[in-house]
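Novice: Just one file: input_28.txt, with compact mmCIF, C-alpha atoms and all ligand atoms.
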```
# COMPACT_ATOMS: atom_id res chain seq x y z
CA MET A 137 34.49 -15.90 9.01
CA VAL A 138 31.32 -17.75 8.00
CA ASN A 139 30.45 -20.82 10.05
CA LEU A 140 29.19 -23.56 7.75
CA THR A 141 27.48 -26.76 8.86
CA ASP A 142 29.02 -30.06 7.69
CA LYS A 143 26.48 -30.29 4.89
CA GLU A 144 27.09 -26.70 3.77
CA GLN A 145 30.85 -27.33 3.80
CA ARG A 146 30.38 -30.43 1.65
CA MET A 147 28.34 -28.36 -0.79
CA PHE A 148 31.08 -25.73 -0.85
CA ASP A 149 33.77 -28.40 -1.40
CA GLY A 150 32.01 -29.76 -4.47
CA GLU A 151 30.84 -33.07 -2.97
CA MET A 152 27.30 -32.34 -4.13
CA GLY A 153 28.16 -31.37 -7.69
CA GLU A 154 29.64 -28.44 -9.51
CA ALA A 155 26.46 -26.33 -9.73
CA THR A 156 25.87 -26.67 -5.98
CA ALA A 157 29.49 -25.72 -5.27
CA GLN A 158 29.22 -22.64 -7.50
CA SER A 159 25.96 -21.65 -5.80
CA MET A 160 27.45 -22.08 -2.33
CA GLU A 161 30.41 -19.94 -3.40
CA ILE A 162 27.98 -17.12 -4.27
CA LEU A 163 26.25 -17.45 -0.89
CA VAL A 164 29.52 -17.53 1.06
CA ALA A 165 30.78 -14.47 -0.83
CA LEU A 166 27.56 -12.60 0.07
CA ALA A 167 27.82 -13.74 3.68
CA LYS A 168 31.34 -12.27 3.84
CA ILE A 169 30.25 -8.96 2.28
CA PHE A 170 27.32 -8.58 4.69
CA LYS A 171 29.19 -10.04 7.68
CA ALA A 172 26.73 -12.92 8.17
CA GLU A 173 28.07 -15.39 10.72
CA ASN A 174 26.20 -18.37 9.35
CA MET A 175 23.64 -19.57 6.82
CA ILE A 176 19.96 -20.02 7.61
CA PRO A 177 17.64 -22.61 6.00
CA VAL A 178 14.93 -21.12 3.78
CA SER A 179 11.58 -22.75 3.00
CA SER A 180 11.17 -21.29 -0.49
CA ALA A 181 12.84 -19.17 -3.15
CA GLN A 182 11.40 -16.73 -5.67
CA VAL A 183 13.72 -16.08 -8.57
CA SER A 184 13.88 -12.90 -10.68
CA GLY A 185 15.75 -12.51 -13.97
CA VAL A 186 13.20 -14.35 -16.10
CA SER A 187 12.32 -11.96 -18.92
CA TYR A 188 14.58 -12.09 -21.97
CA LYS A 189 14.17 -8.31 -22.04
CA THR A 190 15.95 -7.96 -18.67
CA ILE A 191 18.56 -10.77 -18.75
CA GLY A 192 19.36 -10.97 -22.49
CA ASP A 193 21.72 -13.52 -24.03
CA ALA A 194 24.25 -13.30 -21.19
CA GLY A 195 21.58 -14.34 -18.67
CA LEU A 196 20.40 -17.21 -20.86
CA GLU A 197 24.00 -18.44 -21.23
CA TYR A 198 24.48 -18.34 -17.43
CA LEU A 199 21.32 -20.42 -16.90
CA GLU A 200 22.33 -22.94 -19.57
CA HIS A 201 25.77 -23.21 -17.97
CA LEU A 202 24.15 -24.04 -14.61
CA VAL A 203 21.89 -26.62 -16.28
CA SER A 204 24.94 -28.24 -17.94
CA LYS A 205 26.54 -28.55 -14.48
CA GLY A 206 23.50 -30.39 -13.16
CA ALA A 207 21.84 -27.57 -11.17
CA LYS A 208 18.68 -28.70 -9.33
CA THR A 209 16.63 -26.81 -6.80
CA THR A 210 16.02 -28.39 -3.39
CA ILE A 211 13.16 -26.20 -2.09
CA PRO A 212 9.90 -24.92 -3.65
CA THR A 213 10.96 -22.24 -6.12
CA PHE A 214 8.73 -19.88 -8.08
CA LEU A 215 9.63 -17.62 -11.01
CA ASN A 216 9.07 -13.91 -11.54
CA PRO A 217 7.14 -12.76 -14.65
CA ALA A 218 8.60 -13.60 -18.06
CA GLY A 219 8.63 -11.32 -21.11
CA MET A 220 5.43 -12.71 -22.62
CA ASP A 221 2.27 -14.70 -22.09
CA VAL A 222 3.40 -18.14 -23.28
CA SER A 223 -0.03 -18.90 -24.80
CA GLN A 224 -1.02 -15.54 -26.27
CA TRP A 225 2.30 -14.03 -27.39
CA LYS A 226 1.51 -14.19 -31.12
CA GLU A 227 -1.88 -12.43 -30.80
CA MET A 228 -0.25 -9.84 -28.56
CA GLY A 229 2.38 -8.93 -31.16
CA VAL A 230 5.51 -10.17 -29.35
CA PRO A 231 8.35 -10.49 -31.91
CA GLU A 232 9.13 -14.13 -32.83
CA GLY A 233 12.88 -13.89 -32.10
CA PHE A 234 12.12 -12.60 -28.60
CA ALA A 235 9.60 -15.41 -28.01
CA LYS A 236 12.12 -18.08 -29.02
CA LYS A 237 14.71 -16.83 -26.52
CA GLN A 238 12.06 -16.44 -23.81
CA LEU A 239 10.98 -20.06 -24.20
CA GLU A 240 14.64 -21.18 -23.94
CA ILE A 241 14.96 -19.27 -20.64
CA LEU A 242 11.83 -20.92 -19.25
CA ASP A 243 13.08 -24.35 -20.36
CA ALA A 244 16.41 -23.76 -18.58
CA TYR A 245 14.63 -22.90 -15.32
CA SER A 246 12.31 -25.86 -15.75
CA SER A 247 15.31 -28.22 -16.19
CA MET A 248 16.45 -27.10 -12.75
CA GLY A 249 13.11 -28.18 -11.27
CA ILE A 250 11.64 -24.68 -10.99
CA MET A 251 7.91 -24.25 -11.47
CA LYS A 252 7.08 -21.97 -14.42
CA THR A 253 4.76 -19.89 -12.28
CA CYS A 254 5.96 -16.55 -13.71
CA THR A 255 4.36 -14.20 -11.21
CA CYS A 256 5.34 -11.43 -8.83
CA THR A 257 2.48 -12.38 -6.48
CA PRO A 258 3.38 -15.97 -5.56
CA TYR A 259 1.43 -15.40 -2.32
CA PHE A 260 -1.83 -15.50 -4.32
CA ILE A 261 -1.07 -18.94 -5.77
CA GLY A 262 0.01 -20.93 -2.76
CA LEU A 263 3.50 -19.69 -1.86
CA ARG A 264 2.51 -17.84 1.30
CA PRO A 265 5.11 -18.08 4.08
CA LYS A 266 3.94 -17.73 7.67
CA GLN A 267 5.04 -15.06 10.13
CA GLY A 268 8.68 -15.61 11.11
CA GLU A 269 9.37 -18.05 8.25
CA HIS A 270 12.70 -17.48 6.43
CA VAL A 271 12.62 -17.36 2.61
CA ALA A 272 14.88 -16.11 -0.21
CA TRP A 273 12.82 -14.00 -2.58
CA ALA A 274 14.05 -11.64 -5.26
CA GLU A 275 11.18 -9.60 -6.74
CA SER A 276 11.14 -6.31 -4.84
CA SER A 277 7.34 -6.07 -4.47
CA ALA A 278 7.08 -9.69 -3.33
CA VAL A 279 9.94 -9.12 -0.85
CA SER A 280 8.06 -6.15 0.58
CA PHE A 281 4.80 -8.12 0.83
CA ALA A 282 6.48 -11.16 2.43
CA ASN A 283 8.29 -9.07 5.05
CA SER A 284 5.60 -6.52 5.78
CA VAL A 285 2.19 -8.08 5.18
CA LEU A 286 2.99 -11.72 5.98
CA GLY A 287 5.70 -11.08 8.59
CA ALA A 288 8.02 -13.56 6.86
CA ARG A 289 11.75 -12.83 6.59
CA THR A 290 13.72 -12.19 3.45
CA ASN A 291 16.38 -9.86 2.19
CA ARG A 292 15.93 -8.58 -1.32
CA GLU A 293 17.86 -11.23 -3.19
CA GLY A 294 19.30 -10.72 -6.65
CA GLY A 295 18.36 -13.27 -9.33
CA PRO A 296 21.62 -15.28 -8.97
CA SER A 297 21.54 -15.31 -5.14
CA ALA A 298 17.87 -16.40 -5.04
CA LEU A 299 18.74 -19.17 -7.49
CA ALA A 300 21.76 -20.16 -5.39
CA ALA A 301 19.49 -20.32 -2.31
CA ALA A 302 17.00 -22.42 -4.29
CA ILE A 303 19.79 -24.90 -5.11
CA CYS A 304 21.44 -24.98 -1.65
CA GLY A 305 18.32 -24.46 0.51
CA VAL A 306 20.04 -21.80 2.64
CA THR A 307 20.82 -18.09 2.56
CA PRO A 308 23.26 -15.88 4.51
CA ASN A 309 21.78 -14.93 7.89
CA TYR A 310 21.91 -11.13 7.98
CA GLY A 311 19.71 -8.06 7.42
CA LEU A 312 15.97 -8.72 7.60
CA HIS A 313 16.45 -12.30 8.82
CA LEU A 314 17.51 -10.83 12.19
CA ASP A 315 15.08 -9.34 14.78
CA GLU A 316 17.32 -6.38 15.58
CA ASN A 317 17.15 -5.08 12.00
CA ARG A 318 13.37 -5.18 11.66
CA ILE A 319 12.80 -1.72 13.09
CA ALA A 320 11.33 1.27 11.26
CA ASN A 321 13.41 4.44 11.19
CA VAL A 322 10.97 6.82 9.54
CA ALA A 323 7.48 7.42 10.97
CA ILE A 324 4.81 8.63 8.53
CA ASP A 325 1.59 10.07 9.94
CA VAL A 326 -1.00 9.83 7.15
CA GLN A 327 -3.51 12.66 7.49
CA CYS A 328 -5.45 12.10 4.26
CA LYS A 329 -8.02 9.57 3.12
CA LEU A 330 -6.69 6.62 1.14
CA GLU A 331 -9.46 4.96 -0.83
CA THR A 332 -8.21 3.50 -4.09
CA VAL A 333 -5.30 1.39 -5.32
CA SER A 334 -3.91 4.51 -7.01
CA ASP A 335 -4.05 6.42 -3.66
CA PHE A 336 -1.84 3.73 -2.09
CA GLY A 337 0.37 3.74 -5.20
CA ALA A 338 0.85 7.51 -4.95
CA LEU A 339 1.56 7.30 -1.20
CA GLY A 340 4.15 4.59 -1.90
CA HIS A 341 5.74 6.65 -4.65
CA ALA A 342 6.16 9.68 -2.37
CA VAL A 343 7.32 7.74 0.71
CA GLY A 344 9.75 5.56 -1.26
CA LYS A 345 11.46 8.71 -2.54
CA LEU A 346 11.78 10.07 1.00
CA ALA A 347 12.69 6.83 2.74
CA LYS A 348 15.15 5.57 0.10
CA ARG A 349 16.56 2.54 1.96
CA LYS A 350 14.92 3.27 5.33
CA TYR A 351 11.96 1.31 6.70
CA PRO A 352 8.74 3.35 7.10
CA ALA A 353 6.10 2.89 9.81
CA PHE A 354 2.69 4.39 9.05
CA THR A 355 0.05 5.68 11.42
CA GLY A 356 -3.36 7.04 10.39
CA VAL A 357 -4.15 4.41 7.76
CA LYS A 358 -7.69 3.39 8.73
CA SER A 359 -7.99 0.25 6.61
CA ALA A 360 -6.20 -1.45 3.73
CA ARG A 361 -6.91 -4.57 1.74
CA GLU A 362 -4.14 -6.83 0.39
CA GLU A 363 -4.47 -5.24 -3.07
CA HIS A 364 -3.68 -1.87 -1.46
CA LEU A 365 -0.74 -3.22 0.55
CA LYS A 366 0.88 -4.94 -2.42
CA VAL A 367 0.70 -1.71 -4.43
CA LEU A 368 2.00 0.40 -1.54
CA GLY A 369 5.00 -1.91 -1.05
CA ALA A 370 5.70 -2.20 -4.78
CA SER A 371 5.66 1.57 -5.23
CA MET A 372 8.02 2.17 -2.28
CA ALA A 373 10.39 -0.48 -3.62
CA ALA A 374 10.38 1.22 -7.03
CA SER A 375 10.80 4.88 -6.07
CA GLY A 376 13.11 3.94 -3.17
CA ALA A 377 14.50 0.54 -2.21
CA VAL A 378 12.15 -0.21 0.68
CA PRO A 379 11.92 -3.94 1.56
CA LEU A 380 9.90 -3.62 4.81
CA PHE A 381 7.17 -1.35 6.17
CA PHE A 382 4.74 -1.40 9.06
CA ILE A 383 1.21 -0.01 9.42
CA ASP A 384 -0.15 0.52 12.91
CA GLY A 385 -3.01 -1.91 13.53
CA ILE A 386 -2.67 -3.63 10.14
CA THR A 387 0.70 -5.37 9.65
CA PRO A 388 1.67 -8.27 11.93
CA GLU A 389 4.79 -6.44 13.20
CA TYR A 390 5.07 -2.78 14.22
CA ASN A 391 8.45 -1.71 15.63
CA VAL A 392 9.59 1.91 15.44
CA ALA A 393 12.90 3.35 16.61
CA GLU A 394 12.56 6.07 19.29
CA ASP A 395 14.61 8.47 17.20
CA ALA A 396 12.72 7.76 13.94
CA GLU A 397 12.39 10.74 11.61
CA LYS A 398 8.76 12.05 11.73
CA ILE A 399 6.88 13.06 8.59
CA THR A 400 3.25 14.03 7.98
CA PHE A 401 1.52 13.10 4.74
CA THR A 402 -1.49 15.21 3.79
CA ASP A 403 -3.81 15.70 0.81
CA ASN A 404 -1.27 18.10 -0.66
CA GLU A 405 1.48 15.48 -0.77
CA LEU A 406 -0.96 12.93 -2.20
CA LYS A 407 -1.96 15.35 -4.97
CA THR A 408 1.67 16.16 -5.78
CA ALA A 409 2.62 12.47 -5.98
CA LYS A 410 -0.27 11.75 -8.35
CA SER A 411 0.58 14.64 -10.63
CA GLU A 412 4.25 13.54 -10.75
CA LEU A 413 3.17 10.15 -12.10
CA ASP A 414 0.51 11.29 -14.60
CA THR A 415 1.36 12.94 -17.92
CA GLY A 416 -2.35 13.68 -18.44
CA GLU A 417 -2.40 11.87 -21.81
CA LYS A 418 -5.16 9.59 -23.02
CA PRO A 419 -3.81 6.00 -22.91
CA GLN A 420 -3.81 3.65 -25.92
CA LEU A 421 -3.57 0.73 -23.53
CA VAL A 422 -4.43 0.49 -19.83
CA THR A 423 -2.43 -2.13 -17.95
CA LEU A 424 -3.75 -3.33 -14.60
CA GLY A 425 -2.27 -5.88 -12.22
CA CYS A 426 1.05 -4.44 -11.03
CA PRO A 427 1.82 -6.39 -8.88
CA HIS A 428 -0.12 -9.24 -10.51
CA ALA A 429 -3.87 -9.15 -9.85
CA SER A 430 -5.69 -11.41 -7.41
CA LEU A 431 -8.84 -13.23 -8.50
CA ASP A 432 -10.88 -10.76 -6.48
CA GLU A 433 -9.36 -7.80 -8.34
CA ILE A 434 -10.14 -9.46 -11.69
CA LYS A 435 -13.72 -9.96 -10.50
CA GLN A 436 -14.01 -6.27 -9.60
CA ILE A 437 -12.60 -5.19 -12.98
CA ALA A 438 -14.93 -7.57 -14.85
CA GLY A 439 -17.86 -6.13 -12.88
CA MET A 440 -16.90 -2.58 -13.80
CA VAL A 441 -16.29 -3.13 -17.52
CA SER A 442 -19.45 -5.22 -17.95
CA LYS A 443 -21.47 -2.10 -17.11
CA ARG A 444 -19.54 0.32 -19.29
CA ARG A 445 -17.04 -0.52 -22.06
CA PRO A 446 -13.63 1.16 -21.57
CA THR A 447 -12.55 3.70 -24.15
CA CYS A 448 -9.26 1.92 -24.89
CA GLU A 449 -7.67 -1.52 -25.01
CA PHE A 450 -6.75 -2.93 -21.58
CA TRP A 451 -4.85 -5.81 -20.00
CA VAL A 452 -5.19 -7.36 -16.58
CA CYS A 453 -1.86 -9.01 -15.73
CA THR A 454 -1.91 -12.00 -13.42
CA ALA A 455 -0.47 -15.44 -12.66
CA ARG A 456 -1.46 -18.26 -15.03
CA LYS A 457 -3.16 -20.17 -12.20
CA ILE A 458 -5.35 -17.13 -11.42
CA LYS A 459 -6.10 -16.65 -15.13
CA GLU A 460 -7.29 -20.25 -15.33
CA GLU A 461 -9.67 -19.61 -12.42
CA SER A 462 -10.79 -16.36 -14.04
CA ASP A 463 -11.46 -18.26 -17.30
CA LYS A 464 -13.56 -20.84 -15.44
CA LEU A 465 -15.59 -18.23 -13.60
CA GLY A 466 -16.30 -16.26 -16.79
CA TYR A 467 -14.44 -13.09 -15.73
CA SER A 468 -11.93 -13.42 -18.63
CA LYS A 469 -14.78 -13.65 -21.15
CA THR A 470 -16.47 -10.55 -19.70
CA ILE A 471 -13.16 -8.68 -19.92
CA GLU A 472 -12.60 -9.82 -23.53
CA GLU A 473 -16.10 -8.74 -24.51
CA ALA A 474 -15.28 -5.28 -23.18
CA GLY A 475 -12.13 -5.03 -25.34
CA GLY A 476 -9.64 -6.27 -22.73
CA ARG A 477 -7.43 -9.29 -22.18
CA VAL A 478 -6.39 -11.25 -19.10
CA VAL A 479 -2.65 -11.65 -19.59
CA ALA A 480 -0.67 -14.35 -17.76
CA ASP A 481 3.06 -15.00 -17.15
CA THR A 482 4.20 -11.43 -17.89
CA CYS A 483 3.52 -7.77 -17.17
CA MET A 484 3.50 -4.34 -18.77
CA VAL A 485 7.09 -3.60 -17.68
CA VAL A 486 8.98 -6.82 -18.51
CA CYS A 487 7.29 -7.49 -21.88
CA PRO A 488 8.62 -5.64 -24.94
CA LEU A 489 5.75 -3.09 -24.87
CA GLU A 490 7.84 -0.53 -26.75
CA LYS A 491 8.14 -2.98 -29.68
CA MET A 492 4.43 -3.74 -29.74
CA GLY A 493 3.23 -0.39 -31.06
CA TYR A 494 2.28 1.37 -27.80
CA THR A 495 3.50 4.80 -26.73
CA VAL A 496 1.00 5.87 -24.02
CA THR A 497 0.07 3.41 -21.28
CA GLY A 498 -2.30 3.83 -18.37
CA THR A 499 -1.85 2.31 -14.93
CA ASN A 500 -3.13 2.62 -11.36
CA SER A 501 0.17 1.31 -9.95
CA GLY A 502 2.89 3.59 -8.64
CA LYS A 503 5.53 1.01 -9.57
CA ALA A 504 4.38 0.60 -13.19
CA ALA A 505 4.05 4.40 -13.53
CA LYS A 506 7.63 4.81 -12.32
CA TYR A 507 9.13 2.13 -14.61
CA LEU A 508 7.10 2.47 -17.83
CA PRO A 509 8.87 5.64 -19.08
CA ASN A 510 12.41 4.32 -18.68
CA LEU A 511 12.03 0.60 -19.31
CA CYS A 512 9.32 0.72 -22.00
CA LYS A 513 9.61 4.26 -23.46
CA GLN A 514 5.97 4.98 -22.54
CA LYS A 515 4.18 8.15 -21.58
CA VAL A 516 2.04 7.35 -18.55
CA ALA A 517 -1.58 7.98 -17.67
CA PHE A 518 -1.81 7.41 -13.92
CA GLY A 519 -5.03 7.46 -11.97
CA LYS A 520 -7.79 5.44 -10.42
CA LEU A 521 -9.28 2.58 -12.37
CA GLU A 522 -12.51 4.37 -13.35
CA GLU A 523 -10.58 7.38 -14.51
CA ILE A 524 -7.90 5.77 -16.70
CA LEU A 525 -10.24 3.22 -18.32
CA TYR A 526 -12.61 5.97 -19.47
CA ARG A 527 -10.24 8.94 -20.01
FE1 LIG B 601 5.06 -7.36 -11.03
FE2 LIG B 601 5.76 -6.35 -13.32
FE3 LIG B 601 4.73 -4.80 -11.50
S1 LIG B 601 6.89 -7.82 -12.16
S2 LIG B 601 5.37 -5.70 -9.58
S3 LIG B 601 3.68 -6.48 -12.51
S4 LIG B 601 6.42 -4.28 -12.82
```
Will you turn the file into C-alpha cells for me?
Ligand code: F3S

Specialist:
Amino acid sequence: MVNLTDKEQRMFDGEMGEATAQSMEILVALAKIFKAENMIPVSSAQVSGVSYKTIGDAGLEYLEHLVSKGAKTTIPTFLNPAGMDVSQWKEMGVPEGFAKKQLEILDAYSSMGIMKTCTCTPYFIGLRPKQGEHVAWAESSAVSFANSVLGARTNREGGPSALAAAICGVTPNYGLHLDENRIANVAIDVQCKLETVSDFGALGHAVGKLAKRKYPAFTGVKSAREEHLKVLGASMAASGAVPLFFIDGITPEYNVAEDAEKITFTDNELKTAKSELDTGEKPQLVTLGCPHASLDEIKQIAGMVSKRRPTCEFWVCTARKIKEESDKLGYSKTIEEAGGRVVADTCMVVCPLEKMGYTVTGTNSGKAAKYLPNLCKQKVAFGKLEEILYR
C-alpha cells in the first residue's frame, strides 16, 4: 500500500494530464515493487536514455508519445550524454541517418522542458545537490558521485523512472533515500599508493567486481581529488552495480556495518586490475573524460600536450558548458594544435565509435575500459594519461 498525498493522487487519477498520470503510474508501480510506503519530493532529475545508439527507434517513439500527451517536467532536469557532439558531428564522421534521429530525440526532451545539457557530470555545471538532498538521477556514475561524494540521496533510476520523477517531482521513498540503508557492508583496506586517475579506475574495477551490489567503505586512501572520486565511482558502477561508497576522512558520510566483509587491496591487486583492462595495443584514438572532464582536467591535459604532441588522435569529452569555458580560456585551441579535440554532448561509449573507423581506443577510465569492448567493439589501451597518449 503506497500512501499518496492529495496532489499525488490527483496526478495518478489523471487530473493533471495523461502524461503525468502515466508517469505517476510508473512511480507507484516501482513503489509497490520496492515496498516504499510513500513518495518523497526530489529537487532535480538526471535522465539517461539519450543516445540514439542506446534507445533506438523504440525509445524515440516512447518520448514522442509522451510529448504528444503533453509531458512537461516540473523540476530542474538534466540529460545524460547523447550519441554525438551536436556541433561537430559531421567533422567527427557520425553517420547522417544517426545524427537525424539523435536530433529528434533531443528535440523531444527539449519539448518537455528538459535542458539539453547532455553530460554525465551535471555536478560540474551547476546541478550539485547538497548533503541530505533527495534527487532522482539515472546515470550510474552520477548516482555514485551524488550519493558518495556529495552526500545527496538517490537510487539508481532507470531512464523512464527518472523522467517520471522529473514530470511528477517525486520518487518512491526506499533504498538510498533512507538512513538505515546507507551503510557499507564491505570494508576495503587500501595498502597501496593511488596517484593517478587510472589507479583509481583500476581500484574501482577490482572492487566493483568483488562488491557487486554491496556498498564499499575504504580505509587507507590518503587523498583523492574529485576527478579521482568520479572515476572510482564510475568504475565500481560499471564492473559491479555500486551506487554508494565511503572513504574514511574524505566522503561526507562513513557508516560501516560491524559484520562487514574485510578485504585488503595491495599493489598486486592493483597490477592485476590494470592488466585485465589493458590489451597492450597502441591506440588509434585516446578518449579522456569518462566521466565527463572538469575544466581543471582539461587545463591539465592542455598543459601536458602543449609540451609534447601525443602520438595519436585524442578526444577530451565534456559538457558543452565546460567546452565553452575551455574555448574561451584557450585550452581547446591548445588541444586542437596538438592533434586533439574537445568533444561536447557525447562520449566514447555512447557515440557510434565502431562506425567511425576506430578499432583500438585508449582510456584512463575503468568504466570506459570495461564498456568499450562490448558496446563499441574496441580493443582497449588502458593506462595513465602520459602512458596512453605517447604509447
Ligand atoms: Fe559518462 Fe560516457 Fe563514461 S556517459 S561515465 S563518459 S561511459

Novice: For Arg444 of chain A, which residue among A:Leu525, A:Tyr494, A:Lys503, A:Thr387 is the nearest when counting all atoms listed in the file?

Specialist: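 For Arg444 of chain A, the nearest of the candidates is A:Leu525.
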
Novice: State, in Å with one decimal place, the distance from atom CA of Asn317 of chain A to atom CA of Gly385 of chain A.

Specialist: 20.5 Å

Novice: Point out the residue among A:Ile303, A:Ile458, A:Val378, A:Leu346 with the least atom-to-atom distance to Pro258 of chain A, counting all atoms listed in the file.

Specialist: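 Of all the options, A:Ile458 lies closest to Pro258 of chain A.
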
Novice: Kindly list the centre and edge lengths in Å, rounded to one decimal, for the axis-aligned box that covers all listed atoms of segment 144-160 of chain A plus 8 Å on each of its six sides, as lines of an AutoDock Vina configuration file.

Specialist:
```
center_x = 29.8
center_y = -27.4
center_z = -3.0
size_x = 23.9
size_y = 27.4
size_z = 29.5
```

Novice: Could you work out how far atom CA of Phe260 of chain A lies from atom CA of Val222 of chain A, giving the answer in Å with one decimal?

Specialist: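 Distance reported for this atom pair: 19.8 Å.
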
Novice: With 10 Å as the cut-off and all atoms listed in the file counted, what is the closest atom pair between each nearby residue of chain A and ligand LIG 601 (chain B)? Distances in Å to one decimal, ordered by chain and number, as a Markdown table.

Specialist:
```
| residue | atom | partner | partner_atom | distance |
| --- | --- | --- | --- | --- |
| A:Ser184 | CA | B:LIG601 | S1 | 8.8 |
| A:Val186 | CA | B:LIG601 | S1 | 9.9 |
| A:Ser187 | CA | B:LIG601 | S1 | 9.6 |
| A:Asn216 | CA | B:LIG601 | S1 | 6.5 |
| A:Pro217 | CA | B:LIG601 | S1 | 5.5 |
| A:Ala218 | CA | B:LIG601 | S1 | 8.4 |
| A:Gly219 | CA | B:LIG601 | FE2 | 9.7 |
| A:Cys254 | CA | B:LIG601 | S1 | 8.9 |
| A:Thr255 | CA | B:LIG601 | FE1 | 6.9 |
| A:Cys256 | CA | B:LIG601 | FE1 | 4.6 |
| A:Thr257 | CA | B:LIG601 | FE1 | 7.2 |
| A:Glu275 | CA | B:LIG601 | S1 | 7.1 |
| A:Ser276 | CA | B:LIG601 | S2 | 7.5 |
| A:Ser277 | CA | B:LIG601 | S2 | 5.5 |
| A:Ala278 | CA | B:LIG601 | S2 | 7.6 |
| A:Lys366 | CA | B:LIG601 | S2 | 8.5 |
| A:Val367 | CA | B:LIG601 | S2 | 8.0 |
| A:Gly369 | CA | B:LIG601 | S2 | 9.3 |
| A:Ala370 | CA | B:LIG601 | S2 | 5.9 |
| A:Ser371 | CA | B:LIG601 | S2 | 8.5 |
| A:Ala373 | CA | B:LIG601 | S2 | 9.4 |
| A:Ala374 | CA | B:LIG601 | S4 | 8.9 |
| A:Thr423 | CA | B:LIG601 | S3 | 9.3 |
| A:Leu424 | CA | B:LIG601 | S3 | 8.3 |
| A:Gly425 | CA | B:LIG601 | S3 | 6.0 |
| A:Cys426 | CA | B:LIG601 | S3 | 3.6 |
| A:Pro427 | CA | B:LIG601 | S2 | 3.7 |
| A:His428 | CA | B:LIG601 | S3 | 5.1 |
| A:Ala429 | CA | B:LIG601 | S3 | 8.4 |
| A:Val452 | CA | B:LIG601 | S3 | 9.8 |
| A:Cys453 | CA | B:LIG601 | S3 | 6.9 |
| A:Thr454 | CA | B:LIG601 | S3 | 7.9 |
| A:Ala455 | CA | B:LIG601 | S3 | 9.9 |
| A:Asp481 | CA | B:LIG601 | S1 | 9.5 |
| A:Thr482 | CA | B:LIG601 | FE2 | 7.0 |
| A:Cys483 | CA | B:LIG601 | FE2 | 4.7 |
| A:Met484 | CA | B:LIG601 | FE2 | 6.2 |
| A:Val485 | CA | B:LIG601 | S4 | 5.0 |
| A:Val486 | CA | B:LIG601 | FE2 | 6.1 |
| A:Cys487 | CA | B:LIG601 | FE2 | 8.8 |
| A:Ser501 | CA | B:LIG601 | FE3 | 7.8 |
| A:Gly502 | CA | B:LIG601 | FE3 | 9.1 |
| A:Lys503 | CA | B:LIG601 | FE3 | 6.2 |
| A:Ala504 | CA | B:LIG601 | S4 | 5.3 |
| A:Ala505 | CA | B:LIG601 | S4 | 9.0 |
| A:Lys506 | CA | B:LIG601 | S4 | 9.2 |
| A:Tyr507 | CA | B:LIG601 | S4 | 7.2 |
| A:Leu508 | CA | B:LIG601 | S4 | 8.4 |
| A:Leu511 | CA | B:LIG601 | S4 | 9.9 |
```

Novice: State, in Å with one decimal place, the distance from atom CA of Leu465 of chain A to atom CA of Trp225 of chain A.

Specialist: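 For atom CA of Leu465 of chain A relative to atom CA of Trp225 of chain A, the distance reads 23.0 Å.
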
Novice: Residues near Lys407 of chain A, anyone? I mean within 12 Å using only C-alpha atoms, not counting same-chain ones fewer than 2 positions away, as a PyMOL selection string.

Specialist: chain A and resi 328-330+334-339+341-342+401-405+409-414+518-519

Novice: List every protein, DNA or RNA residue that has at least one atom no more than 10 Å from (17.2, -10.5, 10.7) in the file's coordinates, counting only C-alpha atoms, and write the result as a compact mmCIF listing (two decimals) with C-alpha atoms, keeping the file's coordinate frame.

Specialist:
```
# COMPACT_ATOMS: atom_id res chain seq x y z
CA GLY A 268 8.68 -15.61 11.11
CA HIS A 270 12.70 -17.48 6.43
CA ARG A 289 11.75 -12.83 6.59
CA THR A 290 13.72 -12.19 3.45
CA ASN A 291 16.38 -9.86 2.19
CA ASN A 309 21.78 -14.93 7.89
CA TYR A 310 21.91 -11.13 7.98
CA GLY A 311 19.71 -8.06 7.42
CA LEU A 312 15.97 -8.72 7.60
CA HIS A 313 16.45 -12.30 8.82
CA LEU A 314 17.51 -10.83 12.19
CA ASP A 315 15.08 -9.34 14.78
CA GLU A 316 17.32 -6.38 15.58
CA ASN A 317 17.15 -5.08 12.00
CA ARG A 318 13.37 -5.18 11.66
```

Novice: Nearest to Glu197 of chain A: which of A:Asp149, A:Asp432, A:Glu173, A:Glu240 is it, counting all atoms listed in the file?

Specialist: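 Looking at the shortest contact to Glu197 of chain A, the residue is A:Glu240.
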
Novice: When you count all atoms listed in the file, which of these residues is closest to Leu489 of chain A: A:Gly249, A:Gly153, A:Pro177, A:Gly229?

Specialist: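 Result for the nearest residue to Leu489 of chain A: A:Gly229.
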
Novice: Kindly indicate which residue among A:Glu523, A:Ser246, A:Val203, A:Val306 lies nearest to Met147 of chain A, using all atoms listed in the file for the distances.

Specialist: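 Among the listed residues, the smallest separation from Met147 of chain A belongs to A:Val306.
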
Novice: Got a sec: who's within 12 Å of Asp463 of chain A, counting all atoms listed in the file, leaving out chain neighbours fewer than 3 positions off, as a PDB file with C-alpha atoms, in the frame of the given file?

Specialist:
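File produced: result36.pdb:
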```
ATOM      1  CA  LEU A 431      -8.840 -13.230  -8.500  1.00  0.00           C
ATOM      2  CA  ILE A 434     -10.140  -9.460 -11.690  1.00  0.00           C
ATOM      3  CA  LYS A 435     -13.720  -9.960 -10.500  1.00  0.00           C
ATOM      4  CA  ALA A 438     -14.930  -7.570 -14.850  1.00  0.00           C
ATOM      5  CA  ARG A 456      -1.460 -18.260 -15.030  1.00  0.00           C
ATOM      6  CA  LYS A 457      -3.160 -20.170 -12.200  1.00  0.00           C
ATOM      7  CA  ILE A 458      -5.350 -17.130 -11.420  1.00  0.00           C
ATOM      8  CA  LYS A 459      -6.100 -16.650 -15.130  1.00  0.00           C
ATOM      9  CA  GLU A 460      -7.290 -20.250 -15.330  1.00  0.00           C
ATOM     10  CA  GLY A 466     -16.300 -16.260 -16.790  1.00  0.00           C
ATOM     11  CA  TYR A 467     -14.440 -13.090 -15.730  1.00  0.00           C
ATOM     12  CA  SER A 468     -11.930 -13.420 -18.630  1.00  0.00           C
ATOM     13  CA  LYS A 469     -14.780 -13.650 -21.150  1.00  0.00           C
ATOM     14  CA  THR A 470     -16.470 -10.550 -19.700  1.00  0.00           C
ATOM     15  CA  ILE A 471     -13.160  -8.680 -19.920  1.00  0.00           C
ATOM     16  CA  GLU A 472     -12.600  -9.820 -23.530  1.00  0.00           C
ATOM     17  CA  ARG A 477      -7.430  -9.290 -22.180  1.00  0.00           C
ATOM     18  CA  VAL A 478      -6.390 -11.250 -19.100  1.00  0.00           C
ATOM     19  CA  VAL A 479      -2.650 -11.650 -19.590  1.00  0.00           C
ATOM     20  CA  ALA A 480      -0.670 -14.350 -17.760  1.00  0.00           C
TER      21      ALA A 480
END
```
